[in-house]
Amino acid sequence: MKANDMTAADHTLDEILNLASVHFKVPREKLNPDDDFFKALGIDSLQTLELLTRLEHHFHIELPDYELQGVTDFRTLAGKIQARM
Amino acid sequence: MKASPAAHDGKALFWELREGVIELALRREPCNEIGSLSLDELERFADAFEGLQREAHALIIYSDLKAGFCAGADLRELYQRSQAMDKAEALKGVRDFLERIHRVLNLIDAAPLTTIAAVHGVTFGGGFELALACDLIISDKMARFCFPELRLGLIPGFGGIPRLKRDLGNAVVRDLLLTGRSFNATKAQQIGLVSQVVAEGEALRAARATAAQLGKFDLDTAAAAKRFIKPIPHEELRQEIDLFCELFSRPAVEAGLKKFVESTEAQPYLP
């Protein structure tokens, strides 16, 4: 069960990294799970909202933005998304 | 009779009348924040609108800026102006601003022609309220809607709550207002706020197609239907101004505005 959960979480993380790479034009190999995504993607607050919207559409979830308060790395973001799937 | 220039090319707004459709574009960087400049031009539009209506069957409001439709009131200007005067003067200035923007939005809300907000990106606070004054909201799938005012110790002041109450269930209104969370176009359509969700960059095209359809109908019938189905909540709009001013006079608001204006956070828009 735990192995399955890990696989799903890893898969989610991978999808986030791919999506971020494509939409913010940063090479995928330069993005790592524990990166600060503001710095790694070079995004401002408005682009953060764009990222949130793209993630919601991609995963067919609703992610209240207050849940992102204090979230700065892709891995934690993936956990928040997993909890909504 | 008031002048009704068929076109206007200003700093904050552009409008033109074309084939029976008035197109009003917002274009004040960075994201169409509504301050004194935008309000002045919105009032010019309102004055021209009465004349333009006689030659039009639809109004489309959209943004020319990539960042979004409108990020709401210009909080920086609000803070700076309120710092430059005493509290009584500042409060008077806020009330005057609200009265003026309400006049514009009430005119749009009650216009006999059909009004369409074609939105994309950030549609927050006063920008959301501008969209709510329209009959239809056509949304780019990347639009985001939000009432972030509670984080400043305020409520929406451009007529948002009465108009939301008119259009949606009270539980939805409470969710939007009390959590201050933003939500996307799909959610907005699910709750009945948005009439059409379209692909990225397609909202204006879809609005134009809708406006062309509206031109096939008898204008008087459309106006009568609108009057019947869309009452203007004048009493609640008045109450909203009073409540906003009551809240604005508290020290917490000044602190909230200061924090926002001076924020270096990566997510200042998030509640």
# chains A, B, ... in the order shown; residues from 1 in each chain; ligands from 1

call {"tool": "interface_residues", "arguments": {"of": "chain B", "to": "chain A", "cutoff": "12 Å", "atoms": "only C-alpha atoms", "output": "number ranges by chain"}}
result
B: 30-31, 66-68, 70-71, 120-124, 140-146, 148, 151, 175-176, 179-188, 199-200, 263-271

call {"tool": "write_last_selection", "arguments": {"atoms": "N, CA and C atoms", "output": "CSV table (one decimal), in the first residue's frame"}}
result
chain,number,residue,atom,x,y,z
B,30,PRO,N,-0.1,47.6,-14.3
B,30,PRO,CA,0.2,46.3,-14.7
B,30,PRO,C,-1.0,45.4,-14.9
B,31,CYS,N,-2.1,45.6,-14.2
B,31,CYS,CA,-3.2,44.7,-14.4
B,31,CYS,C,-4.6,45.4,-14.2
B,66,LYS,N,-2.0,41.1,-20.9
B,66,LYS,CA,-1.8,39.7,-20.7
B,66,LYS,C,-2.1,39.2,-19.3
B,67,ALA,N,-1.7,40.0,-18.3
B,67,ALA,CA,-1.8,39.6,-16.9
B,67,ALA,C,-3.3,39.2,-16.5
B,68,GLY,N,-4.2,39.8,-17.1
B,68,GLY,CA,-5.6,39.5,-16.7
B,68,GLY,C,-6.6,40.6,-17.0
B,70,CYS,N,-8.6,42.3,-14.7
B,70,CYS,CA,-8.5,43.4,-13.8
B,70,CYS,C,-8.2,42.9,-12.4
B,71,ALA,N,-7.1,43.5,-11.7
B,71,ALA,CA,-6.7,43.0,-10.4
B,71,ALA,C,-7.5,43.8,-9.3
B,120,HIS,N,-10.0,37.0,-18.7
B,120,HIS,CA,-8.9,36.1,-18.7
B,120,HIS,C,-8.0,36.4,-17.5
B,121,GLY,N,-7.2,35.5,-17.1
B,121,GLY,CA,-6.2,35.8,-16.0
B,121,GLY,C,-6.9,36.3,-14.8
B,122,VAL,N,-6.1,37.2,-14.1
B,122,VAL,CA,-6.6,37.7,-12.8
B,122,VAL,C,-7.9,38.5,-13.0
B,123,THR,N,-8.9,38.1,-12.3
B,123,THR,CA,-10.2,38.8,-12.2
B,123,THR,C,-10.5,38.9,-10.8
B,124,PHE,N,-9.9,39.8,-10.1
B,124,PHE,CA,-9.9,39.9,-8.6
B,124,PHE,C,-10.6,41.2,-8.2
B,140,ASP,N,-12.0,32.9,-20.4
B,140,ASP,CA,-10.8,32.1,-20.8
B,140,ASP,C,-10.6,31.0,-19.7
B,141,LYS,N,-10.2,29.9,-20.1
B,141,LYS,CA,-10.0,28.8,-19.1
B,141,LYS,C,-8.9,29.1,-18.0
B,142,MET,N,-8.1,30.1,-18.3
B,142,MET,CA,-7.0,30.5,-17.4
B,142,MET,C,-7.4,31.6,-16.5
B,143,ALA,N,-8.7,32.0,-16.5
B,143,ALA,CA,-9.1,33.1,-15.6
B,143,ALA,C,-9.2,32.6,-14.2
B,144,ARG,N,-9.0,33.5,-13.3
B,144,ARG,CA,-9.1,33.2,-11.8
B,144,ARG,C,-9.9,34.3,-11.2
B,145,PHE,N,-10.8,33.9,-10.3
B,145,PHE,CA,-11.7,34.9,-9.7
B,145,PHE,C,-11.5,34.9,-8.2
B,146,CYS,N,-11.6,36.1,-7.6
B,146,CYS,CA,-11.3,36.1,-6.1
B,146,CYS,C,-11.8,37.4,-5.5
B,148,PRO,N,-10.4,39.1,-2.5
B,148,PRO,CA,-9.4,39.0,-1.4
B,148,PRO,C,-9.5,40.1,-0.3
B,151,ARG,N,-8.7,40.0,3.6
B,151,ARG,CA,-7.3,40.0,4.2
B,151,ARG,C,-6.8,41.5,4.5
B,175,ASP,N,-18.7,31.4,0.8
B,175,ASP,CA,-17.4,30.7,0.6
B,175,ASP,C,-16.4,31.7,-0.1
B,176,LEU,N,-16.9,32.4,-1.1
B,176,LEU,CA,-16.0,33.3,-1.8
B,176,LEU,C,-15.5,34.5,-0.9
B,179,THR,N,-13.6,33.0,2.8
B,179,THR,CA,-12.3,32.3,2.7
B,179,THR,C,-11.4,33.2,1.9
B,180,GLY,N,-11.9,34.0,1.0
B,180,GLY,CA,-11.0,34.8,0.1
B,180,GLY,C,-10.2,34.0,-0.9
B,181,ARG,N,-10.6,32.8,-1.0
B,181,ARG,CA,-9.8,31.9,-2.0
B,181,ARG,C,-10.2,32.3,-3.4
B,182,SER,N,-9.2,32.0,-4.3
B,182,SER,CA,-9.5,32.2,-5.7
B,182,SER,C,-9.9,30.9,-6.3
B,183,PHE,N,-10.7,31.0,-7.4
B,183,PHE,CA,-11.1,29.8,-8.1
B,183,PHE,C,-11.0,30.0,-9.6
B,184,ASN,N,-11.0,28.9,-10.3
B,184,ASN,CA,-10.7,29.0,-11.7
B,184,ASN,C,-12.1,29.0,-12.5
B,185,ALA,N,-11.9,29.1,-13.8
B,185,ALA,CA,-13.1,29.3,-14.7
B,185,ALA,C,-14.0,28.1,-14.7
B,186,THR,N,-13.5,26.9,-14.5
B,186,THR,CA,-14.3,25.7,-14.5
B,186,THR,C,-15.2,25.7,-13.3
B,187,LYS,N,-14.6,26.1,-12.2
B,187,LYS,CA,-15.4,26.2,-10.9
B,187,LYS,C,-16.4,27.3,-11.1
B,188,ALA,N,-16.0,28.4,-11.7
B,188,ALA,CA,-16.9,29.5,-11.9
B,188,ALA,C,-18.1,29.2,-12.7
B,199,ALA,N,-11.1,28.3,-24.7
B,199,ALA,CA,-9.7,28.0,-24.7
B,199,ALA,C,-8.9,29.3,-24.4
B,200,GLU,N,-7.6,29.2,-24.1
B,200,GLU,CA,-6.8,30.3,-23.8
B,200,GLU,C,-6.8,31.3,-25.0
B,263,SER,N,4.7,44.7,0.7
B,263,SER,CA,5.0,43.3,0.7
B,263,SER,C,6.1,43.0,-0.4
B,264,THR,N,7.0,42.1,0.0
B,264,THR,CA,7.9,41.6,-0.9
B,264,THR,C,7.7,40.1,-1.1
B,265,GLU,N,6.5,39.6,-0.5
B,265,GLU,CA,6.2,38.2,-0.7
B,265,GLU,C,6.0,37.8,-2.1
B,266,ALA,N,6.3,36.6,-2.4
B,266,ALA,CA,6.1,36.1,-3.8
B,266,ALA,C,4.6,35.9,-4.1
B,267,GLN,N,3.8,35.8,-3.0
B,267,GLN,CA,2.3,35.6,-3.2
B,267,GLN,C,1.4,36.6,-2.6
B,268,PRO,N,1.7,37.9,-2.9
B,268,PRO,CA,0.9,38.9,-2.1
B,268,PRO,C,-0.6,38.8,-2.5
B,269,TYR,N,-1.0,38.2,-3.6
B,269,TYR,CA,-2.4,38.2,-3.9
B,269,TYR,C,-3.1,37.1,-3.2
B,270,LEU,N,-2.4,36.1,-2.6
B,270,LEU,CA,-3.0,35.0,-2.0
B,270,LEU,C,-3.5,35.4,-0.6
B,271,PRO,N,-4.7,34.9,-0.3
B,271,PRO,CA,-5.3,35.3,1.1
B,271,PRO,C,-4.6,34.5,2.2

call {"tool": "select_by_dssp", "arguments": {"residues": "region 18-135 of chain B", "states": "alpha helix (DSSP H)", "output": "MDAnalysis selection string"}}
result
chainID B and resid 36:52 75:83 87:110 126:132

call {"tool": "write_last_selection", "arguments": {"atoms": "C-alpha atoms", "output": "PDB file, in the first residue's frame"}}
result
ATOM      1  CA  SER B  36      -8.344  57.710 -10.048  1.00  0.00           C
ATOM      2  CA  LEU B  37      -7.115  57.593 -13.653  1.00  0.00           C
ATOM      3  CA  SER B  38      -9.214  54.534 -14.533  1.00  0.00           C
ATOM      4  CA  LEU B  39     -12.201  55.938 -12.675  1.00  0.00           C
ATOM      5  CA  ASP B  40     -11.991  59.245 -14.565  1.00  0.00           C
ATOM      6  CA  GLU B  41     -12.027  57.369 -17.855  1.00  0.00           C
ATOM      7  CA  LEU B  42     -14.763  55.006 -16.696  1.00  0.00           C
ATOM      8  CA  GLU B  43     -16.876  58.061 -15.918  1.00  0.00           C
ATOM      9  CA  ARG B  44     -16.172  59.433 -19.381  1.00  0.00           C
ATOM     10  CA  PHE B  45     -17.291  56.088 -20.736  1.00  0.00           C
ATOM     11  CA  ALA B  46     -20.431  56.195 -18.586  1.00  0.00           C
ATOM     12  CA  ASP B  47     -21.273  59.644 -19.976  1.00  0.00           C
ATOM     13  CA  ALA B  48     -20.714  58.469 -23.541  1.00  0.00           C
ATOM     14  CA  PHE B  49     -22.463  55.143 -22.906  1.00  0.00           C
ATOM     15  CA  GLU B  50     -25.938  56.696 -22.725  1.00  0.00           C
ATOM     16  CA  GLY B  51     -25.539  57.987 -26.270  1.00  0.00           C
ATOM     17  CA  LEU B  52     -23.741  54.928 -27.595  1.00  0.00           C
ATOM     18  CA  LEU B  75      -4.502  49.628  -3.396  1.00  0.00           C
ATOM     19  CA  ARG B  76      -1.201  51.448  -3.686  1.00  0.00           C
ATOM     20  CA  GLU B  77      -2.925  54.650  -4.693  1.00  0.00           C
ATOM     21  CA  LEU B  78      -5.530  54.140  -1.977  1.00  0.00           C
ATOM     22  CA  TYR B  79      -2.840  53.713   0.642  1.00  0.00           C
ATOM     23  CA  GLN B  80      -0.703  56.615  -0.545  1.00  0.00           C
ATOM     24  CA  ARG B  81      -3.648  58.999  -0.742  1.00  0.00           C
ATOM     25  CA  SER B  82      -4.946  58.010   2.658  1.00  0.00           C
ATOM     26  CA  GLN B  83      -1.475  58.578   4.129  1.00  0.00           C
ATOM     27  CA  LYS B  87      -8.555  60.231   8.588  1.00  0.00           C
ATOM     28  CA  ALA B  88     -11.757  62.192   8.033  1.00  0.00           C
ATOM     29  CA  GLU B  89     -10.538  63.425   4.656  1.00  0.00           C
ATOM     30  CA  ALA B  90      -9.374  59.952   3.679  1.00  0.00           C
ATOM     31  CA  LEU B  91     -12.739  58.462   4.570  1.00  0.00           C
ATOM     32  CA  LYS B  92     -14.535  61.162   2.613  1.00  0.00           C
ATOM     33  CA  GLY B  93     -12.288  60.432  -0.348  1.00  0.00           C
ATOM     34  CA  VAL B  94     -13.038  56.724  -0.169  1.00  0.00           C
ATOM     35  CA  ARG B  95     -16.772  57.304   0.026  1.00  0.00           C
ATOM     36  CA  ASP B  96     -16.616  59.667  -2.929  1.00  0.00           C
ATOM     37  CA  PHE B  97     -14.623  57.127  -4.943  1.00  0.00           C
ATOM     38  CA  LEU B  98     -17.143  54.390  -4.123  1.00  0.00           C
ATOM     39  CA  GLU B  99     -20.118  56.581  -5.030  1.00  0.00           C
ATOM     40  CA  ARG B 100     -18.503  57.357  -8.372  1.00  0.00           C
ATOM     41  CA  ILE B 101     -17.595  53.762  -9.267  1.00  0.00           C
ATOM     42  CA  HIS B 102     -21.053  52.583  -8.173  1.00  0.00           C
ATOM     43  CA  ARG B 103     -22.634  55.089 -10.536  1.00  0.00           C
ATOM     44  CA  VAL B 104     -20.618  53.657 -13.428  1.00  0.00           C
ATOM     45  CA  LEU B 105     -21.251  50.022 -12.545  1.00  0.00           C
ATOM     46  CA  ASN B 106     -24.949  50.623 -11.921  1.00  0.00           C
ATOM     47  CA  LEU B 107     -25.229  52.156 -15.381  1.00  0.00           C
ATOM     48  CA  ILE B 108     -23.565  49.113 -16.933  1.00  0.00           C
ATOM     49  CA  ASP B 109     -25.658  46.763 -14.808  1.00  0.00           C
ATOM     50  CA  ALA B 110     -28.931  48.418 -15.808  1.00  0.00           C
ATOM     51  CA  GLY B 126     -12.993  45.268  -8.178  1.00  0.00           C
ATOM     52  CA  GLY B 127     -12.230  43.520 -11.467  1.00  0.00           C
ATOM     53  CA  PHE B 128     -14.486  40.669 -10.461  1.00  0.00           C
ATOM     54  CA  GLU B 129     -17.102  43.246  -9.476  1.00  0.00           C
ATOM     55  CA  LEU B 130     -16.865  44.918 -12.880  1.00  0.00           C
ATOM     56  CA  ALA B 131     -17.477  41.533 -14.511  1.00  0.00           C
ATOM     57  CA  LEU B 132     -20.411  40.904 -12.169  1.00  0.00           C
TER      58      LEU B 132
END

call {"tool": "closest_residue", "arguments": {"among": "B:Ala73, B:Asn32, B:Ile137, B:Ala56", "to": "Leu17 (chain B)", "atoms": "only C-alpha atoms"}}
result
B:Ala56

call {"tool": "atom_distance", "arguments": {"atom1": "CA of Asp34 (chain A)", "atom2": "CA of Thr76 (chain A)"}}
result
8.2 Å

call {"tool": "residues_around", "arguments": {"residues": "region 209-226 of chain B", "least_positions_apart": "5", "cutoff": "10 Å", "atoms": "only C-alpha atoms", "output": "list of chain:residue names"}}
result
B:Glu19, B:Gly20, B:Val21, B:Ile22, B:Ala56, B:His57, B:Ala58, B:Leu59, B:Ile60, B:Asp109, B:Ala110, B:Ala111, B:Pro112, B:Leu113, B:Thr114, B:Thr115, B:Ile116, B:Asp135, B:Leu136, B:Ile138, B:Ala203, B:Leu204, B:Pro231

call {"tool": "residues_around", "arguments": {"residues": "region 5-17 of chain A", "least_positions_apart": "6", "cutoff": "9 Å", "atoms": "only C-alpha atoms", "output": "list of chain:residue names"}}
result
A:Arg28, A:Leu31, A:Asn32, A:Pro33, A:Leu55, A:His58, A:Phe59, A:Phe74, A:Arg75, A:Leu77, A:Ala78, A:Gly79, A:Ile81, A:Gln82

call {"tool": "residues_around", "arguments": {"residues": "Ala7 (chain B)", "least_positions_apart": "2", "cutoff": "8 Å", "atoms": "only C-alpha atoms", "output": "list of chain:residue names"}}
result
B:Pro5, B:Asp9, B:Phe14, B:Trp15, B:Glu16, B:Leu17

call {"tool": "write_last_selection", "arguments": {"atoms": "N, CA and C atoms", "output": "mmCIF file, in the first residue's frame"}}
result
data_model
loop_
_atom_site.group_PDB
_atom_site.id
_atom_site.type_symbol
_atom_site.label_atom_id
_atom_site.label_comp_id
_atom_site.auth_asym_id
_atom_site.auth_seq_id
_atom_site.Cartn_x
_atom_site.Cartn_y
_atom_site.Cartn_z
ATOM 1 N N PRO B 5 -18.921 60.262 -27.830
ATOM 2 C CA PRO B 5 -17.923 59.909 -28.835
ATOM 3 C C PRO B 5 -17.928 58.410 -29.094
ATOM 4 N N ASP B 9 -9.576 56.830 -27.040
ATOM 5 C CA ASP B 9 -8.269 56.170 -26.975
ATOM 6 C C ASP B 9 -7.500 56.780 -25.802
ATOM 7 N N PHE B 14 -9.883 52.038 -23.705
ATOM 8 C CA PHE B 14 -10.134 52.281 -25.132
ATOM 9 C C PHE B 14 -11.552 51.811 -25.392
ATOM 10 N N TRP B 15 -12.312 52.580 -26.119
ATOM 11 C CA TRP B 15 -13.596 52.038 -26.546
ATOM 12 C C TRP B 15 -13.922 52.480 -27.947
ATOM 13 N N GLU B 16 -14.746 51.671 -28.596
ATOM 14 C CA GLU B 16 -15.221 52.006 -29.934
ATOM 15 C C GLU B 16 -16.549 51.302 -30.172
ATOM 16 N N LEU B 17 -17.298 51.879 -31.072
ATOM 17 C CA LEU B 17 -18.570 51.297 -31.488
ATOM 18 C C LEU B 17 -18.363 50.734 -32.877
#
